[in-house]
file structure23.cif (mmCIF, C-alpha atoms)
data_final
#
loop_
_atom_site.label_atom_id
_atom_site.label_comp_id
_atom_site.auth_asym_id
_atom_site.auth_seq_id
_atom_site.Cartn_x
_atom_site.Cartn_y
_atom_site.Cartn_z
CA ASP A 1 -14.19 7.83 17.41
CA GLN A 2 -15.22 9.64 14.26
CA GLN A 3 -14.14 13.26 14.06
CA VAL A 4 -15.93 14.00 10.78
CA LYS A 5 -19.50 12.84 10.39
CA GLN A 6 -21.85 12.69 7.45
CA ASN A 7 -25.12 11.52 8.91
CA SER A 8 -27.02 11.12 5.65
CA PRO A 9 -25.81 8.05 3.77
CA SER A 10 -27.87 8.95 0.71
CA LEU A 11 -29.81 11.77 -0.90
CA SER A 12 -32.03 11.93 -3.99
CA VAL A 13 -32.72 15.21 -5.75
CA GLN A 14 -34.56 16.14 -8.91
CA GLU A 15 -32.49 17.53 -11.77
CA GLY A 16 -32.35 21.32 -11.67
CA ARG A 17 -33.06 21.53 -7.94
CA ILE A 18 -30.62 22.25 -5.13
CA SER A 19 -28.63 19.46 -3.47
CA ILE A 20 -27.49 20.11 0.10
CA LEU A 21 -24.98 17.76 1.66
CA ASN A 22 -24.13 18.14 5.30
CA CYS A 23 -21.08 17.43 7.41
CA ASP A 24 -20.32 17.85 11.12
CA TYR A 25 -16.99 17.73 12.87
CA THR A 26 -15.93 17.48 16.48
CA ASN A 27 -12.41 18.91 16.59
CA SER A 28 -12.38 22.71 16.87
CA MET A 29 -8.68 22.71 15.88
CA PHE A 30 -9.46 21.80 12.28
CA ASP A 31 -8.44 24.69 10.03
CA TYR A 32 -9.29 23.52 6.58
CA PHE A 33 -12.07 21.52 5.01
CA LEU A 34 -12.57 19.89 1.65
CA TRP A 35 -15.20 18.09 -0.36
CA TYR A 36 -14.25 15.22 -2.60
CA LYS A 37 -16.44 13.51 -5.15
CA LYS A 38 -16.17 9.84 -6.03
CA TYR A 39 -17.58 7.93 -8.98
CA PRO A 40 -17.72 4.10 -8.89
CA ALA A 41 -14.39 2.37 -9.57
CA GLU A 42 -12.56 5.70 -9.45
CA GLY A 43 -10.62 7.48 -6.75
CA PRO A 44 -11.98 10.53 -4.97
CA THR A 45 -11.40 13.80 -6.82
CA PHE A 46 -11.16 17.22 -5.24
CA LEU A 47 -14.21 19.41 -5.59
CA ILE A 48 -13.99 22.47 -3.37
CA SER A 49 -12.38 23.59 -0.12
CA ILE A 50 -12.77 26.21 2.56
CA SER A 51 -10.48 27.69 5.14
CA SER A 52 -11.70 28.23 8.67
CA ILE A 53 -11.23 31.99 8.27
CA LYS A 54 -14.04 32.07 5.73
CA ASP A 55 -17.68 31.13 6.00
CA LYS A 56 -18.38 30.62 2.31
CA ASN A 57 -16.55 29.58 -0.82
CA GLU A 58 -18.10 29.37 -4.24
CA ASP A 59 -16.99 27.69 -7.46
CA GLY A 60 -19.52 27.63 -10.23
CA ARG A 61 -22.49 25.50 -9.23
CA PHE A 62 -20.78 24.44 -5.99
CA THR A 63 -20.78 26.43 -2.76
CA VAL A 64 -19.44 25.34 0.60
CA PHE A 65 -20.65 27.00 3.78
CA LEU A 66 -18.84 26.77 7.10
CA ASN A 67 -20.39 27.44 10.49
CA LYS A 68 -17.51 27.24 12.96
CA SER A 69 -19.59 27.79 16.06
CA ALA A 70 -21.78 24.83 15.13
CA LYS A 71 -18.85 22.81 13.74
CA HIS A 72 -20.88 22.26 10.61
CA LEU A 73 -20.30 22.58 6.93
CA SER A 74 -22.50 22.03 3.94
CA LEU A 75 -22.09 21.67 0.21
CA HIS A 76 -24.72 23.21 -2.04
CA ILE A 77 -25.02 22.19 -5.68
CA VAL A 78 -27.25 24.42 -7.78
CA PRO A 79 -28.62 23.42 -10.19
CA SER A 80 -28.10 19.71 -9.73
CA GLN A 81 -27.33 17.67 -12.84
CA PRO A 82 -27.46 13.90 -13.44
CA GLY A 83 -23.66 13.90 -13.82
CA ASP A 84 -23.42 15.03 -10.20
CA SER A 85 -24.61 11.60 -9.07
CA ALA A 86 -21.70 10.27 -7.02
CA VAL A 87 -20.55 9.75 -3.44
CA TYR A 88 -19.46 12.96 -1.76
CA PHE A 89 -16.92 12.90 1.04
CA CYS A 90 -16.35 15.70 3.47
CA ALA A 91 -12.83 15.92 4.89
CA ALA A 92 -10.97 17.98 7.43
CA ILE A 93 -7.25 18.43 7.49
CA GLY A 94 -5.64 17.35 10.72
CA THR A 95 -1.97 17.99 11.40
CA THR A 96 0.23 15.69 13.43
CA SER A 97 3.98 15.08 13.17
CA GLY A 98 4.22 17.36 10.15
CA THR A 99 1.62 15.41 8.24
CA TYR A 100 -1.42 17.11 6.77
CA LYS A 101 -3.66 14.10 6.70
CA TYR A 102 -7.21 14.08 5.52
CA ILE A 103 -9.85 12.94 7.98
CA PHE A 104 -12.84 11.84 5.99
CA GLY A 105 -16.48 11.30 6.74
CA THR A 106 -18.35 8.19 5.65
CA GLY A 107 -19.72 9.80 2.50
CA THR A 108 -23.16 10.69 1.15
CA ARG A 109 -24.40 9.07 -2.02
CA LEU A 110 -26.16 11.68 -4.15
CA LYS A 111 -28.53 10.61 -6.87
CA VAL A 112 -29.80 13.29 -9.22
CA LEU A 113 -32.94 12.17 -10.99
CA ALA A 114 -33.50 13.25 -14.59
CA GLU B 1 0.10 14.11 -17.19
CA ALA B 2 -0.57 10.63 -15.86
CA GLY B 3 -2.50 10.41 -12.62
CA VAL B 4 -1.90 8.18 -9.63
CA THR B 5 -2.02 4.54 -10.66
CA GLN B 6 -2.58 1.50 -8.49
CA PHE B 7 -2.10 -2.18 -9.15
CA PRO B 8 -3.91 -4.53 -8.99
CA SER B 9 -7.38 -3.05 -9.26
CA HIS B 10 -8.83 -6.04 -7.43
CA SER B 11 -7.30 -8.85 -5.40
CA VAL B 12 -9.02 -11.83 -3.82
CA ILE B 13 -6.95 -13.87 -1.40
CA GLU B 14 -7.52 -16.36 1.37
CA LYS B 15 -7.01 -15.61 5.00
CA GLY B 16 -3.38 -16.16 5.93
CA GLN B 17 -2.01 -15.35 2.50
CA THR B 18 0.15 -12.40 1.57
CA VAL B 19 -0.78 -9.57 -0.79
CA THR B 20 1.27 -6.66 -2.07
CA LEU B 21 -0.39 -3.53 -3.40
CA ARG B 22 1.47 -1.07 -5.56
CA CYS B 23 1.05 2.67 -6.04
CA ASP B 24 2.72 4.88 -8.62
CA PRO B 25 2.30 8.54 -7.69
CA ILE B 26 2.20 11.47 -10.06
CA SER B 27 5.71 12.13 -11.29
CA GLY B 28 7.48 14.69 -9.14
CA HIS B 29 5.18 14.28 -6.15
CA ASP B 30 7.33 13.73 -3.08
CA ASN B 31 4.37 13.11 -0.79
CA LEU B 32 2.57 9.80 -0.93
CA TYR B 33 -0.29 8.67 1.27
CA TRP B 34 -2.09 5.40 1.81
CA TYR B 35 -5.75 5.30 2.89
CA ARG B 36 -8.24 2.50 3.35
CA ARG B 37 -12.02 2.37 3.13
CA VAL B 38 -13.84 -0.51 4.72
CA MET B 39 -17.28 -0.91 3.12
CA GLY B 40 -19.67 1.85 4.09
CA LYS B 41 -17.21 3.50 6.44
CA GLU B 42 -14.92 6.50 6.19
CA ILE B 43 -11.76 6.68 4.12
CA LYS B 44 -9.13 6.25 6.80
CA PHE B 45 -5.54 7.49 6.76
CA LEU B 46 -2.86 4.82 7.04
CA LEU B 47 0.47 6.52 6.46
CA HIS B 48 2.40 9.29 4.76
CA PHE B 49 5.73 9.17 2.96
CA VAL B 50 7.91 12.13 2.11
CA LYS B 51 10.19 10.79 -0.57
CA GLU B 52 11.38 7.47 0.86
CA SER B 53 10.87 8.37 4.53
CA LYS B 54 7.82 7.56 6.59
CA GLN B 55 6.57 10.88 7.95
CA ASP B 56 3.59 9.50 9.80
CA GLU B 57 2.46 5.88 10.11
CA SER B 58 0.02 6.42 12.95
CA GLY B 59 -2.88 4.96 10.98
CA MET B 60 -1.32 1.58 10.23
CA PRO B 61 -3.61 -1.01 11.87
CA ASN B 62 -0.93 -3.42 13.12
CA ASN B 63 2.41 -4.99 12.25
CA ARG B 64 0.88 -7.21 9.58
CA PHE B 65 1.01 -4.14 7.34
CA LEU B 66 4.31 -3.03 5.85
CA ALA B 67 4.68 -0.04 3.56
CA GLU B 68 7.79 0.81 1.60
CA ARG B 69 8.85 3.46 -0.84
CA THR B 70 12.32 2.58 -1.97
CA GLY B 71 13.95 5.31 -4.03
CA GLY B 72 11.14 7.68 -3.29
CA THR B 73 9.12 6.77 -6.37
CA TYR B 74 6.50 4.03 -6.26
CA SER B 75 5.26 2.53 -3.02
CA THR B 76 4.14 -0.91 -1.96
CA LEU B 77 1.83 -1.94 0.85
CA LYS B 78 2.18 -5.54 1.94
CA VAL B 79 -0.31 -7.35 4.13
CA GLN B 80 1.07 -10.52 5.70
CA PRO B 81 -0.74 -12.59 6.81
CA ALA B 82 -4.07 -11.22 5.63
CA GLU B 83 -7.11 -11.38 7.91
CA LEU B 84 -10.79 -11.08 7.04
CA GLU B 85 -11.01 -7.56 8.50
CA ASP B 86 -8.36 -6.34 6.07
CA SER B 87 -10.93 -6.41 3.26
CA GLY B 88 -11.65 -3.00 1.82
CA VAL B 89 -10.51 -0.54 -0.82
CA TYR B 90 -6.98 0.75 -0.45
CA PHE B 91 -6.39 4.18 -1.93
CA CYS B 92 -3.10 5.83 -2.63
CA ALA B 93 -2.77 9.58 -3.01
CA SER B 94 0.09 11.88 -3.85
CA SER B 95 0.78 15.60 -3.57
CA GLN B 96 3.53 17.99 -4.54
CA GLY B 97 3.94 19.27 -1.02
CA SER B 98 2.39 18.85 2.38
CA GLY B 99 0.10 21.59 3.56
CA PHE B 100 -3.24 23.24 3.01
CA ARG B 101 -2.25 24.51 -0.42
CA TYR B 102 -1.39 21.10 -1.80
CA GLU B 103 -4.22 19.01 -3.11
CA GLN B 104 -3.95 15.26 -2.70
CA TYR B 105 -4.63 13.35 -5.92
CA PHE B 106 -6.10 9.92 -5.42
CA GLY B 107 -5.64 6.74 -7.41
CA PRO B 108 -8.57 4.49 -8.35
CA GLY B 109 -7.91 2.16 -5.44
CA THR B 110 -7.26 -1.55 -5.01
CA ARG B 111 -10.21 -3.57 -3.81
CA LEU B 112 -8.90 -6.28 -1.48
CA THR B 113 -11.16 -9.17 -0.58
CA VAL B 114 -9.94 -11.63 2.04
CA THR B 115 -12.00 -14.86 2.20
#
call {"tool": "encode", "arguments": {"input": "structure23.cif", "output": "structure tokens"}}
result
Amino acid sequence: DQQVKQNSPSLSVQEGRISILNCDYTNSMFDYFLWYKKYPAEGPTFLISISSIKDKNEDGRFTVFLNKSAKHLSLHIVPSQPGDSAVYFCAAIGTTSGTYKYIFGTGTRLKVLA
Amino acid sequence: EAGVTQFPSHSVIEKGQTVTLRCDPISGHDNLYWYRRVMGKEIKFLLHFVKESKQDESGMPNNRFLAERTGGTYSTLKVQPAELEDSGVYFCASSQGSGFRYEQYFGPGTRLTVT
């Protein structure tokens, strides 16, 4: 039973254009969301996060939008660059037994075409 | 500062054999997590250590998996006996604390293939 869903396994975008990666979640108790980026043969690295009290967080070319009523978040990358080609994982933080564990989606592979 | 390291990077074993994965967290990080990604699926939480104590092992698939963190430094994850469905990439992560403010830093993973 997947609580965090990324329904697009892959996305191709032209360099310089906007990349939009989407993520849906089912648990309304989630308070915090993150995006991680993963290159081949490397571990995921933190990209950007958002608290449930906000609806937008921006960091340079990366912006995350949160729509709590729709249980949806999205990552916008503008402008997209070839170095952004990677797998992007959406994650929510769930808390049980004092553990803040990450609940990940299945990932979206972004390819930015030069 | 050295990141999270994992050894080996890749392991191929036969069904029924035993494998031990190792994780060295970032120095000073009391919190250590194990995750697993089966091909094409989500990265799934396995367990969480605070120092040498298991805080949460709710994600461990079954009793063929044993995680330890003696001395609160490095951790090992042993699979015995390995089954075909154990194949996947095992990630270790560490953080300074546990909470929204504390980013988890991931290692490069160990790719386990059970044949």
call {"tool": "resolve_selection", "arguments": {"input": "structure23.cif", "expression": "the PyMOL selection byres ((chain A) within 12 of (chain B))", "output": "mmCIF file with C-alpha atoms, in the coordinates of the input"}}
result
data_model
loop_
_atom_site.group_PDB
_atom_site.id
_atom_site.type_symbol
_atom_site.label_atom_id
_atom_site.label_comp_id
_atom_site.auth_asym_id
_atom_site.auth_seq_id
_atom_site.Cartn_x
_atom_site.Cartn_y
_atom_site.Cartn_z
ATOM 1 C CA ASP A 1 -14.190 7.830 17.410
ATOM 2 C CA GLN A 2 -15.220 9.640 14.260
ATOM 3 C CA GLN A 3 -14.140 13.260 14.060
ATOM 4 C CA VAL A 4 -15.930 14.000 10.780
ATOM 5 C CA LYS A 5 -19.500 12.840 10.390
ATOM 6 C CA GLN A 6 -21.850 12.690 7.450
ATOM 7 C CA ASN A 7 -25.120 11.520 8.910
ATOM 8 C CA SER A 8 -27.020 11.120 5.650
ATOM 9 C CA PRO A 9 -25.810 8.050 3.770
ATOM 10 C CA SER A 10 -27.870 8.950 0.710
ATOM 11 C CA PHE A 30 -9.460 21.800 12.280
ATOM 12 C CA ASP A 31 -8.440 24.690 10.030
ATOM 13 C CA TYR A 32 -9.290 23.520 6.580
ATOM 14 C CA PHE A 33 -12.070 21.520 5.010
ATOM 15 C CA LEU A 34 -12.570 19.890 1.650
ATOM 16 C CA TRP A 35 -15.200 18.090 -0.360
ATOM 17 C CA TYR A 36 -14.250 15.220 -2.600
ATOM 18 C CA LYS A 37 -16.440 13.510 -5.150
ATOM 19 C CA LYS A 38 -16.170 9.840 -6.030
ATOM 20 C CA TYR A 39 -17.580 7.930 -8.980
ATOM 21 C CA PRO A 40 -17.720 4.100 -8.890
ATOM 22 C CA ALA A 41 -14.390 2.370 -9.570
ATOM 23 C CA GLU A 42 -12.560 5.700 -9.450
ATOM 24 C CA GLY A 43 -10.620 7.480 -6.750
ATOM 25 C CA PRO A 44 -11.980 10.530 -4.970
ATOM 26 C CA THR A 45 -11.400 13.800 -6.820
ATOM 27 C CA PHE A 46 -11.160 17.220 -5.240
ATOM 28 C CA LEU A 47 -14.210 19.410 -5.590
ATOM 29 C CA ILE A 48 -13.990 22.470 -3.370
ATOM 30 C CA SER A 49 -12.380 23.590 -0.120
ATOM 31 C CA ILE A 50 -12.770 26.210 2.560
ATOM 32 C CA SER A 51 -10.480 27.690 5.140
ATOM 33 C CA SER A 52 -11.700 28.230 8.670
ATOM 34 C CA VAL A 87 -20.550 9.750 -3.440
ATOM 35 C CA TYR A 88 -19.460 12.960 -1.760
ATOM 36 C CA PHE A 89 -16.920 12.900 1.040
ATOM 37 C CA CYS A 90 -16.350 15.700 3.470
ATOM 38 C CA ALA A 91 -12.830 15.920 4.890
ATOM 39 C CA ALA A 92 -10.970 17.980 7.430
ATOM 40 C CA ILE A 93 -7.250 18.430 7.490
ATOM 41 C CA GLY A 94 -5.640 17.350 10.720
ATOM 42 C CA THR A 95 -1.970 17.990 11.400
ATOM 43 C CA THR A 96 0.230 15.690 13.430
ATOM 44 C CA SER A 97 3.980 15.080 13.170
ATOM 45 C CA GLY A 98 4.220 17.360 10.150
ATOM 46 C CA THR A 99 1.620 15.410 8.240
ATOM 47 C CA TYR A 100 -1.420 17.110 6.770
ATOM 48 C CA LYS A 101 -3.660 14.100 6.700
ATOM 49 C CA TYR A 102 -7.210 14.080 5.520
ATOM 50 C CA ILE A 103 -9.850 12.940 7.980
ATOM 51 C CA PHE A 104 -12.840 11.840 5.990
ATOM 52 C CA GLY A 105 -16.480 11.300 6.740
ATOM 53 C CA THR A 106 -18.350 8.190 5.650
ATOM 54 C CA GLY A 107 -19.720 9.800 2.500
ATOM 55 C CA THR A 108 -23.160 10.690 1.150
ATOM 56 C CA ARG A 109 -24.400 9.070 -2.020
#
call {"tool": "resolve_selection", "arguments": {"input": "structure23.cif", "expression": "the PyMOL selection byres ((chain B and resi 69) around 12)", "output": "ChimeraX atom specification"}}
result
/B:21-25,30-34,47-55,66-68,70-78
call {"tool": "atom_distance", "arguments": {"input": "structure23.cif", "atom1": "atom CA of A:Arg17", "atom2": "atom CA of A:Pro79"}}
result
5.3 Å
call {"tool": "closest_residue", "arguments": {"input": "structure23.cif", "among": "B:Arg36, B:Gln6, B:Ala82, B:Arg64", "to": "B:Thr18", "atoms": "only C-alpha atoms"}}
result
B:Ala82
call {"tool": "closest_residue", "arguments": {"input": "structure23.cif", "among": "A:Thr63, A:Asn27, A:Asn22, A:Asn57", "to": "A:Val78", "atoms": "all atoms listed in the file"}}
result
A:Thr63
call {"tool": "atom_distance", "arguments": {"input": "structure23.cif", "atom1": "atom CA of A:Leu11", "atom2": "atom CA of A:Lys111"}}
result
6.2 Å
call {"tool": "residues_around", "arguments": {"input": "structure23.cif", "residues": "B:His29", "least_positions_apart": "4", "cutoff": "7 Å", "atoms": "all atoms listed in the file", "output": "list in words"}}
result
Pro25, Ser94, Ser95 and Gln96 of chain B
call {"tool": "write_last_selection", "arguments": {"input": "structure23.cif", "atoms": "C-alpha atoms", "output": "PDB file, keeping the file's coordinate frame"}}
result
ATOM      1  CA  PRO B  25       2.300   8.540  -7.690  1.00  0.00           C
ATOM      2  CA  SER B  94       0.090  11.880  -3.850  1.00  0.00           C
ATOM      3  CA  SER B  95       0.780  15.600  -3.570  1.00  0.00           C
ATOM      4  CA  GLN B  96       3.530  17.990  -4.540  1.00  0.00           C
TER       5      GLN B  96
END
call {"tool": "residues_around", "arguments": {"input": "structure23.cif", "residues": "A:Ser85", "least_positions_apart": "3", "cutoff": "6 Å", "atoms": "only C-alpha atoms", "output": "ChimeraX atom specification"}}
result
/A:82,110-112
call {"tool": "residues_around", "arguments": {"input": "structure23.cif", "residues": "stretch 67-77 of chain A", "least_positions_apart": "6", "cutoff": "8 Å", "atoms": "only C-alpha atoms", "output": "MDAnalysis selection string"}}
result
chainID A and resid 18:26 28 35 52 55 61
call {"tool": "write_last_selection", "arguments": {"input": "structure23.cif", "atoms": "C-alpha atoms", "output": "compact mmCIF listing (two decimals), in the frame of the given file"}}
result
# COMPACT_ATOMS: atom_id res chain seq x y z
CA ILE A 18 -30.62 22.25 -5.13
CA SER A 19 -28.63 19.46 -3.47
CA ILE A 20 -27.49 20.11 0.10
CA LEU A 21 -24.98 17.76 1.66
CA ASN A 22 -24.13 18.14 5.30
CA CYS A 23 -21.08 17.43 7.41
CA ASP A 24 -20.32 17.85 11.12
CA TYR A 25 -16.99 17.73 12.87
CA THR A 26 -15.93 17.48 16.48
CA SER A 28 -12.38 22.71 16.87
CA TRP A 35 -15.20 18.09 -0.36
CA SER A 52 -11.70 28.23 8.67
CA ASP A 55 -17.68 31.13 6.00
CA ARG A 61 -22.49 25.50 -9.23
call {"tool": "atom_distance", "arguments": {"input": "structure23.cif", "atom1": "atom CA of A:Gly83", "atom2": "atom CA of B:Gly3"}}
result
21.5 Å
call {"tool": "decode", "arguments": {"input": "structure23.cif", "residues": "stretch 75-102 of chain B", "atoms": "N, CA and C atoms", "output": "compact mmCIF listing (two decimals), in the first residue's frame"}}
result
# COMPACT_ATOMS: atom_id res chain seq x y z
N SER B 75 27.49 0.06 11.12
CA SER B 75 26.40 -0.91 11.22
C SER B 75 26.58 -2.01 10.18
N THR B 76 26.07 -3.17 10.51
CA THR B 76 26.04 -4.27 9.55
C THR B 76 24.62 -4.75 9.37
N LEU B 77 24.33 -5.22 8.19
CA LEU B 77 23.03 -5.82 7.88
C LEU B 77 23.32 -7.19 7.27
N LYS B 78 22.91 -8.22 7.98
CA LYS B 78 23.18 -9.59 7.53
C LYS B 78 21.90 -10.20 7.00
N VAL B 79 22.02 -10.89 5.89
CA VAL B 79 20.89 -11.61 5.32
C VAL B 79 21.27 -13.09 5.30
N GLN B 80 20.48 -13.90 6.03
CA GLN B 80 20.83 -15.31 6.17
C GLN B 80 19.58 -16.15 6.42
N PRO B 81 19.24 -17.09 5.56
CA PRO B 81 19.81 -17.31 4.23
C PRO B 81 19.15 -16.39 3.21
N ALA B 82 19.89 -16.01 2.21
CA ALA B 82 19.36 -15.09 1.21
C ALA B 82 18.38 -15.80 0.28
N GLU B 83 17.34 -15.05 -0.10
CA GLU B 83 16.34 -15.54 -1.06
C GLU B 83 16.37 -14.62 -2.29
N LEU B 84 15.78 -15.11 -3.37
CA LEU B 84 15.80 -14.35 -4.62
C LEU B 84 15.19 -12.95 -4.46
N GLU B 85 14.12 -12.86 -3.65
CA GLU B 85 13.42 -11.58 -3.50
C GLU B 85 14.19 -10.56 -2.67
N ASP B 86 15.33 -10.97 -2.13
CA ASP B 86 16.15 -10.03 -1.37
C ASP B 86 17.02 -9.17 -2.29
N SER B 87 17.04 -9.48 -3.55
CA SER B 87 17.83 -8.69 -4.51
C SER B 87 17.33 -7.25 -4.53
N GLY B 88 18.28 -6.34 -4.61
CA GLY B 88 17.92 -4.93 -4.65
C GLY B 88 19.12 -4.10 -4.24
N VAL B 89 18.91 -2.81 -4.10
CA VAL B 89 19.97 -1.92 -3.63
C VAL B 89 19.66 -1.53 -2.19
N TYR B 90 20.62 -1.75 -1.33
CA TYR B 90 20.47 -1.44 0.08
C TYR B 90 21.22 -0.14 0.38
N PHE B 91 20.46 0.84 0.83
CA PHE B 91 21.03 2.15 1.15
C PHE B 91 21.10 2.31 2.66
N CYS B 92 22.16 2.96 3.07
CA CYS B 92 22.30 3.37 4.45
C CYS B 92 22.27 4.88 4.48
N ALA B 93 21.71 5.46 5.51
CA ALA B 93 21.69 6.91 5.66
C ALA B 93 22.01 7.25 7.11
N SER B 94 22.53 8.43 7.33
CA SER B 94 22.77 8.86 8.70
C SER B 94 22.35 10.31 8.86
N SER B 95 22.05 10.68 10.10
CA SER B 95 21.70 12.07 10.40
C SER B 95 22.17 12.40 11.80
N GLN B 96 22.34 13.70 12.03
CA GLN B 96 22.83 14.16 13.33
C GLN B 96 21.77 13.94 14.41
N GLY B 97 20.54 14.21 14.04
CA GLY B 97 19.44 14.04 14.98
C GLY B 97 18.28 13.41 14.25
N SER B 98 17.16 13.29 14.95
CA SER B 98 15.98 12.71 14.33
C SER B 98 14.85 13.73 14.40
N GLY B 99 14.42 14.17 13.27
CA GLY B 99 13.38 15.20 13.25
C GLY B 99 13.38 15.89 11.91
N PHE B 100 12.42 16.80 11.74
CA PHE B 100 12.28 17.46 10.45
C PHE B 100 13.52 18.28 10.07
N ARG B 101 14.20 18.78 11.09
CA ARG B 101 15.34 19.68 10.80
C ARG B 101 16.58 18.95 10.35
N TYR B 102 16.58 17.62 10.53
CA TYR B 102 17.82 16.87 10.32
C TYR B 102 17.77 16.08 9.02
